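Data from model14.pdb: PDB, C-alpha atoms
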```pdb
MODEL        1
ATOM      1  CA  MET K  29       0.000   0.000   0.000
ATOM      2  CA  ILE K  30       1.399   3.426  -1.005
ATOM      3  CA  ASP K  31       1.005   6.261   1.440
ATOM      4  CA  ALA K  32      -0.403   9.403  -0.208
ATOM      5  CA  GLN K  33       2.265  11.447   1.524
ATOM      6  CA  THR K  34       4.958   9.707  -0.499
ATOM      7  CA  LEU K  35       3.406  10.828  -3.775
ATOM      8  CA  SER K  36       4.043  14.516  -3.252
ATOM      9  CA  GLY K  37       6.843  16.601  -1.789
ATOM     10  CA  PRO K  38       6.565  18.613   1.416
ATOM     11  CA  ILE K  39       4.350  21.660   1.185
ATOM     12  CA  ASP K  40       6.174  24.901   1.951
ATOM     13  CA  ILE K  41       3.554  26.684   4.062
ATOM     14  CA  ALA K  42       5.903  29.645   4.664
ATOM     15  CA  ALA K  43       6.356  30.177   0.941
ATOM     16  CA  ILE K  44       2.595  30.182   0.431
ATOM     17  CA  ARG K  45       2.083  32.718   3.217
ATOM     18  CA  ASN K  46       4.884  34.954   1.931
ATOM     19  CA  VAL K  47       3.555  35.342  -1.605
ATOM     20  CA  ARG K  48       3.976  39.012  -2.452
ATOM     21  CA  ARG K  49       0.793  40.863  -3.288
ATOM     22  CA  TRP K  50       0.202  44.512  -4.060
ATOM     23  CA  SER K  51      -1.437  46.727  -1.465
ATOM     24  CA  PRO K  52      -2.448  50.409  -1.753
ATOM     25  CA  GLY K  53       0.554  52.666  -1.299
ATOM     26  CA  ALA K  54       3.071  50.022  -2.390
ATOM     27  CA  CYS K  55       5.063  49.689  -5.603
ATOM     28  CA  VAL K  56       2.905  48.369  -8.439
ATOM     29  CA  TRP K  57       5.796  46.296  -9.818
ATOM     30  CA  CYS K  58       7.345  44.527  -6.808
ATOM     31  CA  GLY K  59       4.955  45.321  -3.944
ATOM     32  CA  ASP K  60       7.639  47.013  -1.814
ATOM     33  CA  ASP K  61       6.596  50.065   0.219
ATOM     34  CA  ASN K  62      10.090  51.577   0.629
ATOM     35  CA  ALA K  63      10.535  55.127  -0.746
ATOM     36  CA  VAL K  64       7.486  54.882  -2.993
ATOM     37  CA  GLU K  65       7.046  57.837  -5.355
ATOM     38  CA  MET K  66       5.207  58.491  -8.591
ATOM     39  CA  PHE K  67       7.123  57.262 -11.639
ATOM     40  CA  ARG K  68       5.498  57.278 -15.084
ATOM     41  CA  ASN K  69       2.127  58.017 -13.487
ATOM     42  CA  GLU K  70       2.251  55.029 -11.121
ATOM     43  CA  PRO K  71       3.693  54.396  -7.636
ATOM     44  CA  ARG K  72       7.132  52.755  -7.794
ATOM     45  CA  CYS K  73       9.646  52.038  -5.028
ATOM     46  CA  GLY K  74      13.170  53.475  -4.948
ATOM     47  CA  THR K  75      14.832  50.261  -6.143
ATOM     48  CA  CYS K  76      12.545  49.860  -9.149
ATOM     49  CA  ARG K  77      12.951  53.519 -10.104
ATOM     50  CA  GLU K  78      16.728  53.129  -9.955
ATOM     51  CA  LYS K  79      16.656  50.059 -12.242
ATOM     52  CA  GLU K  80      14.290  51.755 -14.691
ATOM     53  CA  THR K  81      16.579  54.808 -14.773
ATOM     54  CA  VAL K  82      19.559  52.613 -15.701
ATOM     55  CA  ILE K  83      17.593  51.180 -18.628
ATOM     56  CA  ASP K  84      16.439  54.647 -19.707
ATOM     57  CA  GLU K  85      20.032  55.953 -19.659
ATOM     58  CA  ALA K  86      21.164  53.055 -21.841
ATOM     59  CA  ARG K  87      18.352  53.711 -24.334
ATOM     60  CA  ARG K  88      19.188  57.428 -24.409
ATOM     61  CA  PHE K  89      22.894  56.723 -25.005
ATOM     62  CA  LEU K  90      22.237  54.262 -27.832
ATOM     63  CA  GLY K  91      19.677  56.553 -29.444
ATOM     64  CA  MET K  92      21.919  59.619 -29.268
ATOM     65  CA  TYR K  93      24.690  57.858 -31.191
ATOM     66  CA  GLY K  94      22.473  55.947 -33.625
ATOM     67  CA  LEU K  95      23.442  52.508 -32.264
ATOM     68  CA  ARG K  96      21.454  49.280 -32.241
ATOM     69  CA  PRO K  97      18.591  49.372 -29.722
ATOM     70  CA  LEU K  98      18.626  47.256 -26.583
ATOM     71  CA  GLY K  99      17.996  43.596 -27.185
ATOM     72  CA  GLY K 100      19.222  40.118 -26.399
ATOM     73  CA  THR K 101      22.767  40.676 -27.662
ATOM     74  CA  LEU K 102      25.586  42.531 -25.912
ATOM     75  CA  GLN K 103      27.583  43.043 -29.120
ATOM     76  CA  SER K 104      29.098  46.524 -28.913
ATOM     77  CA  ASP K 105      31.467  48.790 -30.794
ATOM     78  CA  ASP K 106      33.415  49.889 -27.715
ATOM     79  CA  ASP K 107      33.653  49.440 -23.951
ATOM     80  CA  GLU K 108      31.348  52.359 -23.116
ATOM     81  CA  GLU K 109      28.524  50.995 -25.226
ATOM     82  CA  ARG K 110      29.003  47.517 -23.759
ATOM     83  CA  GLU K 111      28.876  48.917 -20.232
ATOM     84  CA  HIS K 112      25.481  50.506 -20.939
ATOM     85  CA  ARG K 113      24.167  47.286 -22.467
ATOM     86  CA  VAL K 114      25.394  45.122 -19.565
ATOM     87  CA  ASN K 115      23.977  47.514 -16.956
ATOM     88  CA  ALA K 116      20.610  47.585 -18.740
ATOM     89  CA  ARG K 117      20.552  43.779 -18.988
ATOM     90  CA  ASP K 118      21.318  43.371 -15.282
ATOM     91  CA  ALA K 119      18.709  45.981 -14.332
ATOM     92  CA  ARG K 120      16.054  44.274 -16.462
ATOM     93  CA  ARG K 121      16.931  40.902 -14.920
ATOM     94  CA  ASP K 122      16.594  42.332 -11.407
ATOM     95  CA  LEU K 123      13.221  43.843 -12.287
ATOM     96  CA  ASN K 124      11.986  40.531 -13.684
ATOM     97  CA  ASP K 125      13.166  38.720 -10.537
ATOM     98  CA  THR K 126      11.175  41.044  -8.263
ATOM     99  CA  LYS K 127       8.068  41.290 -10.429
ATOM    100  CA  LEU K 128       4.817  40.427  -8.679
ATOM    101  CA  SER K 129       3.278  37.158  -9.750
ATOM    102  CA  GLU K 130       0.074  39.118 -10.420
ATOM    103  CA  LEU K 131       0.304  42.817 -11.250
ATOM    104  CA  PRO K 132      -2.448  45.002  -9.751
ATOM    105  CA  ASP K 133      -5.426  46.179 -11.749
ATOM    106  CA  PRO K 134      -4.727  49.721 -13.052
ATOM    107  CA  ALA K 135      -8.223  50.754 -11.997
ATOM    108  CA  ALA K 136      -7.492  49.685  -8.410
ATOM    109  CA  VAL K 137      -4.224  51.645  -8.465
ATOM    110  CA  ARG K 138      -5.989  54.794  -9.682
ATOM    111  CA  LYS K 139      -8.673  54.389  -7.040
ATOM    112  CA  ALA K 140      -6.011  54.120  -4.306
ATOM    113  CA  LEU K 141      -4.337  57.299  -5.554
ATOM    114  CA  ARG K 142      -7.486  59.451  -5.371
ATOM    115  CA  PRO K 143      -7.422  60.174  -1.600
ATOM    116  CA  ARG K 144      -3.735  61.111  -1.831
ATOM    117  CA  ALA K 145      -4.375  63.474  -4.734
ATOM    118  CA  ALA K 146      -7.306  65.038  -2.930
ATOM    119  CA  SER K 147      -5.191  65.730   0.190
ATOM    120  CA  VAL K 148      -2.434  67.308  -1.896
ATOM    121  CA  VAL K 149      -4.939  69.632  -3.570
ATOM    122  CA  SER K 150      -6.741  70.587  -0.347
ATOM    123  CA  GLU K 151      -3.593  71.561   1.600
ATOM    124  CA  PRO K 152      -2.633  74.575  -0.560
ATOM    125  CA  ARG K 153      -6.258  75.762  -0.617
ATOM    126  CA  SER K 154      -6.600  75.756   3.165
ATOM    127  CA  SER K 155      -3.253  77.473   3.741
ATOM    128  CA  ALA K 156      -4.019  80.084   1.077
ATOM    129  CA  HIS K 157      -7.419  80.797   2.616
ATOM    130  CA  SER K 158      -6.008  81.295   6.134
ATOM    131  CA  GLY K 159      -3.349  83.748   5.029
ATOM    132  CA  THR K 160      -4.986  85.498   2.118
ATOM    133  CA  SER K 161      -4.596  89.067   3.358
ATOM    134  CA  SER K 162      -0.950  88.759   4.456
ATOM    135  CA  ALA K 163       0.059  86.824   1.334
ATOM    136  CA  THR K 164      -1.589  89.408  -0.914
ATOM    137  CA  ALA K 165       0.087  92.323   0.812
ATOM    138  CA  ALA K 166       3.469  90.660   0.699
ATOM    139  CA  SER K 167       3.156  89.660  -2.930
ATOM    140  CA  ARG K 168       2.272  93.104  -4.338
ATOM    141  CA  PRO K 169       5.796  94.622  -4.241
ATOM    142  CA  SER K 170       7.390  91.472  -5.618
ATOM    143  CA  ALA K 171       4.844  91.334  -8.438
ATOM    144  CA  SER K 172       5.792  94.840  -9.591
ATOM    145  CA  ARG K 173       9.491  93.962  -9.544
ATOM    146  CA  THR K 174       9.149  90.660 -11.341
ATOM    147  CA  SER K 175       6.867  92.010 -14.050
ATOM    148  CA  ALA K 176       9.797  93.812 -15.678
ATOM    149  CA  THR K 177      12.047  90.749 -15.535
ATOM    150  CA  PRO K 178      12.074  88.788 -18.805
ATOM    151  CA  PRO K 179      11.031  85.145 -18.480
ATOM    152  CA  VAL K 180      13.835  82.625 -18.255
ATOM    153  CA  ALA K 181      14.185  80.526 -21.383
ATOM    154  CA  PRO K 182      13.534  76.827 -20.834
ATOM    155  CA  VAL K 183      16.628  74.665 -20.581
ATOM    156  CA  ARG K 184      17.053  72.175 -23.376
ATOM    157  CA  THR K 185      17.234  68.629 -22.058
ATOM    158  CA  ASP K 186      17.855  66.995 -25.430
ATOM    159  CA  ALA K 187      21.085  68.855 -26.198
ATOM    160  CA  VAL K 188      24.033  66.715 -27.284
ATOM    161  CA  ASP K 189      27.019  66.646 -24.937
ATOM    162  CA  VAL K 190      29.692  67.817 -27.372
ATOM    163  CA  ALA K 191      32.569  66.956 -25.040
ATOM    164  CA  ALA K 192      31.327  63.386 -24.595
ATOM    165  CA  LEU K 193      30.766  63.157 -28.340
ATOM    166  CA  GLU K 194      34.334  64.232 -29.099
ATOM    167  CA  SER K 195      35.691  61.788 -26.534
ATOM    168  CA  ARG K 196      33.741  58.968 -28.150
ATOM    169  CA  VAL K 197      35.002  59.963 -31.610
ATOM    170  CA  THR K 198      38.586  59.868 -30.334
ATOM    171  CA  GLY K 199      38.050  56.379 -28.931
ATOM    172  CA  LEU K 200      36.554  55.156 -32.187
ATOM    173  CA  LEU K 201      39.454  56.625 -34.198
ATOM    174  CA  ASP K 202      41.897  54.766 -31.945
ATOM    175  CA  GLN K 203      39.882  51.598 -32.473
ATOM    176  CA  LEU K 204      39.955  52.158 -36.221
ATOM    177  CA  SER K 205      43.750  52.559 -36.131
ATOM    178  CA  THR K 206      44.054  49.280 -34.237
ATOM    179  CA  ILE K 207      41.896  47.484 -36.800
ATOM    180  CA  ASP K 208      43.943  48.881 -39.696
ATOM    181  CA  ALA K 209      47.172  47.827 -37.952
ATOM    182  CA  GLN K 210      45.879  44.281 -37.531
ATOM    183  CA  MET K 211      44.819  44.129 -41.183
ATOM    184  CA  ASN K 212      48.259  45.371 -42.299
ATOM    185  CA  LEU K 213      49.904  42.785 -40.064
ATOM    186  CA  ILE K 214      47.964  39.957 -41.700
ATOM    187  CA  GLY K 215      48.616  41.316 -45.182
ATOM    188  CA  GLU K 216      47.465  39.155 -48.064
ATOM    189  CA  PRO K 217      45.467  36.278 -46.499
ATOM    190  CA  ALA K 218      46.928  32.917 -47.485
ATOM    191  CA  GLY K 219      44.611  30.537 -45.661
ATOM    192  CA  LEU K 220      41.051  30.116 -44.490
ATOM    193  CA  ALA K 221      41.821  31.345 -40.977
ATOM    194  CA  ALA K 222      43.530  34.486 -42.279
ATOM    195  CA  ARG K 223      40.678  35.236 -44.704
ATOM    196  CA  ALA K 224      38.127  34.748 -41.928
ATOM    197  CA  ARG K 225      40.086  37.110 -39.691
ATOM    198  CA  ILE K 226      40.313  39.730 -42.463
ATOM    199  CA  SER K 227      36.561  39.439 -43.063
ATOM    200  CA  ASP K 228      35.860  39.936 -39.355
ATOM    201  CA  LEU K 229      38.155  42.978 -39.210
ATOM    202  CA  GLU K 230      36.492  44.478 -42.286
ATOM    203  CA  LYS K 231      33.081  44.119 -40.614
ATOM    204  CA  GLN K 232      34.408  45.803 -37.470
ATOM    205  CA  ARG K 233      35.913  48.582 -39.569
ATOM    206  CA  ALA K 234      32.622  49.148 -41.410
ATOM    207  CA  THR K 235      30.745  49.320 -38.088
ATOM    208  CA  VAL K 236      33.188  51.878 -36.696
ATOM    209  CA  LEU K 237      32.903  53.985 -39.853
ATOM    210  CA  ARG K 238      29.091  53.944 -39.661
ATOM    211  CA  THR K 239      29.246  55.009 -36.029
ATOM    212  CA  LEU K 240      31.654  57.825 -36.863
ATOM    213  CA  ALA K 241      29.289  59.011 -39.589
ATOM    214  CA  ALA K 242      26.399  59.047 -37.100
ATOM    215  CA  LEU K 243      28.500  60.996 -34.608
ATOM    216  CA  GLU K 244      29.411  63.533 -37.276
ATOM    217  CA  LYS K 245      25.696  64.089 -37.959
ATOM    218  CA  ALA K 246      25.108  64.590 -34.243
ATOM    219  CA  ARG K 247      27.979  67.077 -34.056
ATOM    220  CA  ILE K 248      26.642  69.068 -37.001
ATOM    221  CA  ALA K 249      23.152  69.089 -35.479
ATOM    222  CA  ALA K 250      24.543  70.272 -32.142
ATOM    223  CA  GLY K 251      26.337  73.183 -33.849
ATOM    224  CA  ARG K 252      23.176  74.527 -35.413
TER     225      ARG K 252
ENDMDL
END
```
What does this structure look like when you write it as structure tokens?
Amino acid sequence: MIDAQTLSGPIDIAAIRNVRRWSPGACVWCGDDNAVEMFRNEPRCGTCREKETVIDEARRFLGMYGLRPLGGTLQSDDDEEREHRVNARDARRDLNDTKLSELPDPAAVRKALRPRAASVVSEPRSSAHSGTSSATAASRPSASRTSATPPVAPVRTDAVDVAALESRVTGLLDQLSTIDAQMNLIGEPAGLAARARISDLEKQRATVLRTLAALEKARIAAGR
């Protein structure tokens, strides 16, 4: 006779009780309630925001220089690009590891945010009502002074960092010199291995030249 207990492994009651679930005020991705702030119109904890920022920085770097978008491969033209790709891959892996087994319903998240939004709106109204006369009297002189001051122009956030661009161009030119030196060292390929190596170096050289062309376009656009 076979005991039913032998047919199945031990049940981990602690694991069942510790299943992470979302609760109002917690991060919608991992369920953590540490340093939760609004990020892309939804509450996210400090760790998740940090990982998402790493991925965003990698996307911005690749887009600025016209490189291949993020994907499954880490193939890169230089060490700086590879560093961004590796950091983004690790950040995405960490986010996937902490993802809730069941993400919350967006409608439930919006409903939980309504009392918080209402309190934020009501606080300035109450404080403004209590000190209306003093605030008005104090603001009149400053209003006359600031009316003659021209508005400050908005700061461009999409401007290209010319110094970083020039540094990257220098690195690519050094890489191109190394490739040319290796091709000259091989000379006329006499065997299959040498021809394969020359073909690989030619592909690397073409990639570097395309990147340099994209950087030149970015430099010209930044100078306009």
Subject >> One-decimal distance in Å that lies between atom CA of Ala135 of chain K and atom CA of Trp57 of chain K >> reply: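 Separating atom CA of Trp57 of chain K from atom CA of Ala135 of chain K is a distance of 14.9 Å.
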With the file shown as input, list the residues that the PyMOL selection byres ((chain K and resi 105-109) around 10) selects, as a ChimeraX atom specification. /K:86,89-90,93,95,102-104,110-114,196,199-200,203,232-233,235-236,239
How many Å separate atom CA of Glu70 of chain K from atom CA of Val56 of chain K?
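Between atom CA of Glu70 of chain K and atom CA of Val56 of chain K the gap is 7.2 Å.
In this model, the gap between atom CA of Arg238 of chain K and atom CA of Thr206 of chain K comes to 16.6 Å.
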TODO: Give the answer as one residue: which of K:Arg49, K:Ala140, K:Ala246, K:Leu123 has the shortest atom-to-atom distance to Ala192 of chain K, using all atoms listed in the file?
DONE: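 So, comparing all the options, the nearest one is K:Ala246.
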In terms of all atoms listed in the file, the residue from K:Ile248, K:Cys73, K:Leu98, K:Met66 at minimal distance from Arg138 of chain K is K:Met66
query: Do you know which residues the PyMOL selection byres ((chain K and resi 126) around 9) returns on this file, as a PyMOL selection string?
result: chain K and resi 57-59+76+121-125+127-129
Those same residues, written as a compact mmCIF listing (two decimals), in the frame of the given file with C-alpha atoms?
```txt
# COMPACT_ATOMS: atom_id res chain seq x y z
CA TRP K 57 5.80 46.30 -9.82
CA CYS K 58 7.34 44.53 -6.81
CA GLY K 59 4.96 45.32 -3.94
CA CYS K 76 12.54 49.86 -9.15
CA ARG K 121 16.93 40.90 -14.92
CA ASP K 122 16.59 42.33 -11.41
CA LEU K 123 13.22 43.84 -12.29
CA ASN K 124 11.99 40.53 -13.68
CA ASP K 125 13.17 38.72 -10.54
CA LYS K 127 8.07 41.29 -10.43
CA LEU K 128 4.82 40.43 -8.68
CA SER K 129 3.28 37.16 -9.75
```
For this structure, which residues satisfy the selection - the PyMOL selection byres ((chain K and resi 137) around 12) - when it is evaluated on the file as given? I want them as a count of residues only. 26
